[in-house]
Amino acid sequence: MVIIDLMTLLMGVTMGFLAFLVIGGVSGASAWIFYPGRSSGSKPVKLLFAGFLGFIAAAASAYLGQYAGFFQSGQMLEWLSAIFASCLVGCIFTAIAK
């Protein structure tokens, strides 16, 4: 933990808007693409919506975890929680929408 905090202090490694967008968008879109089952035609709007929901879930999990005091910005647990939350929300949306 001390090493990660030191890296954050020295290098300024924090998760920003772009990191949430990439993590959430990629995991939401991949959940839509790789989730088993047939989709009802090619719907790019649903694919984009899955990516957007992944982005919102990644940002929300990171901010809620910081608010609750589980981690600070840039720590590995923040990245893991953002990835897990965006994958979970992407899979739930895909299961409902497909």
# chains A, B, ... in the order shown; residues from 1 in each chain; ligands from 1
>>> residues_around(residues="Val26 (chain A)", least_positions_apart="2", cutoff="12 Å", atoms="only C-alpha atoms", output="list in words")
Leu18, Ala19, Phe20, Leu21, Val22, Ile23, Gly24, Gly28, Ala29, Ser30, Ala31, Trp32, Ile33, Phe34, Leu47, Leu48, Phe49, Ala50, Gly51, Phe52, Leu53, Gly54, Phe55, Ala58, Ala82, Ile83, Ser86, Cys87 and Gly90 of chain A
>>> atom_distance(atom1="CA of Leu64 (chain A)", atom2="CA of Ala85 (chain A)")
11.4 Å
>>> residues_around(residues="region 77-81 of chain A", least_positions_apart="3", cutoff="8 Å", atoms="only C-alpha atoms", output="PyMOL selection string")
chain A and resi 15+58+61-62+65+71-74+84-85
>>> atom_distance(atom1="CA of Ile92 (chain A)", atom2="CA of Pro44 (chain A)")
17.7 Å
>>> atom_distance(atom1="CA of Ser27 (chain A)", atom2="CA of Val89 (chain A)")
9.3 Å
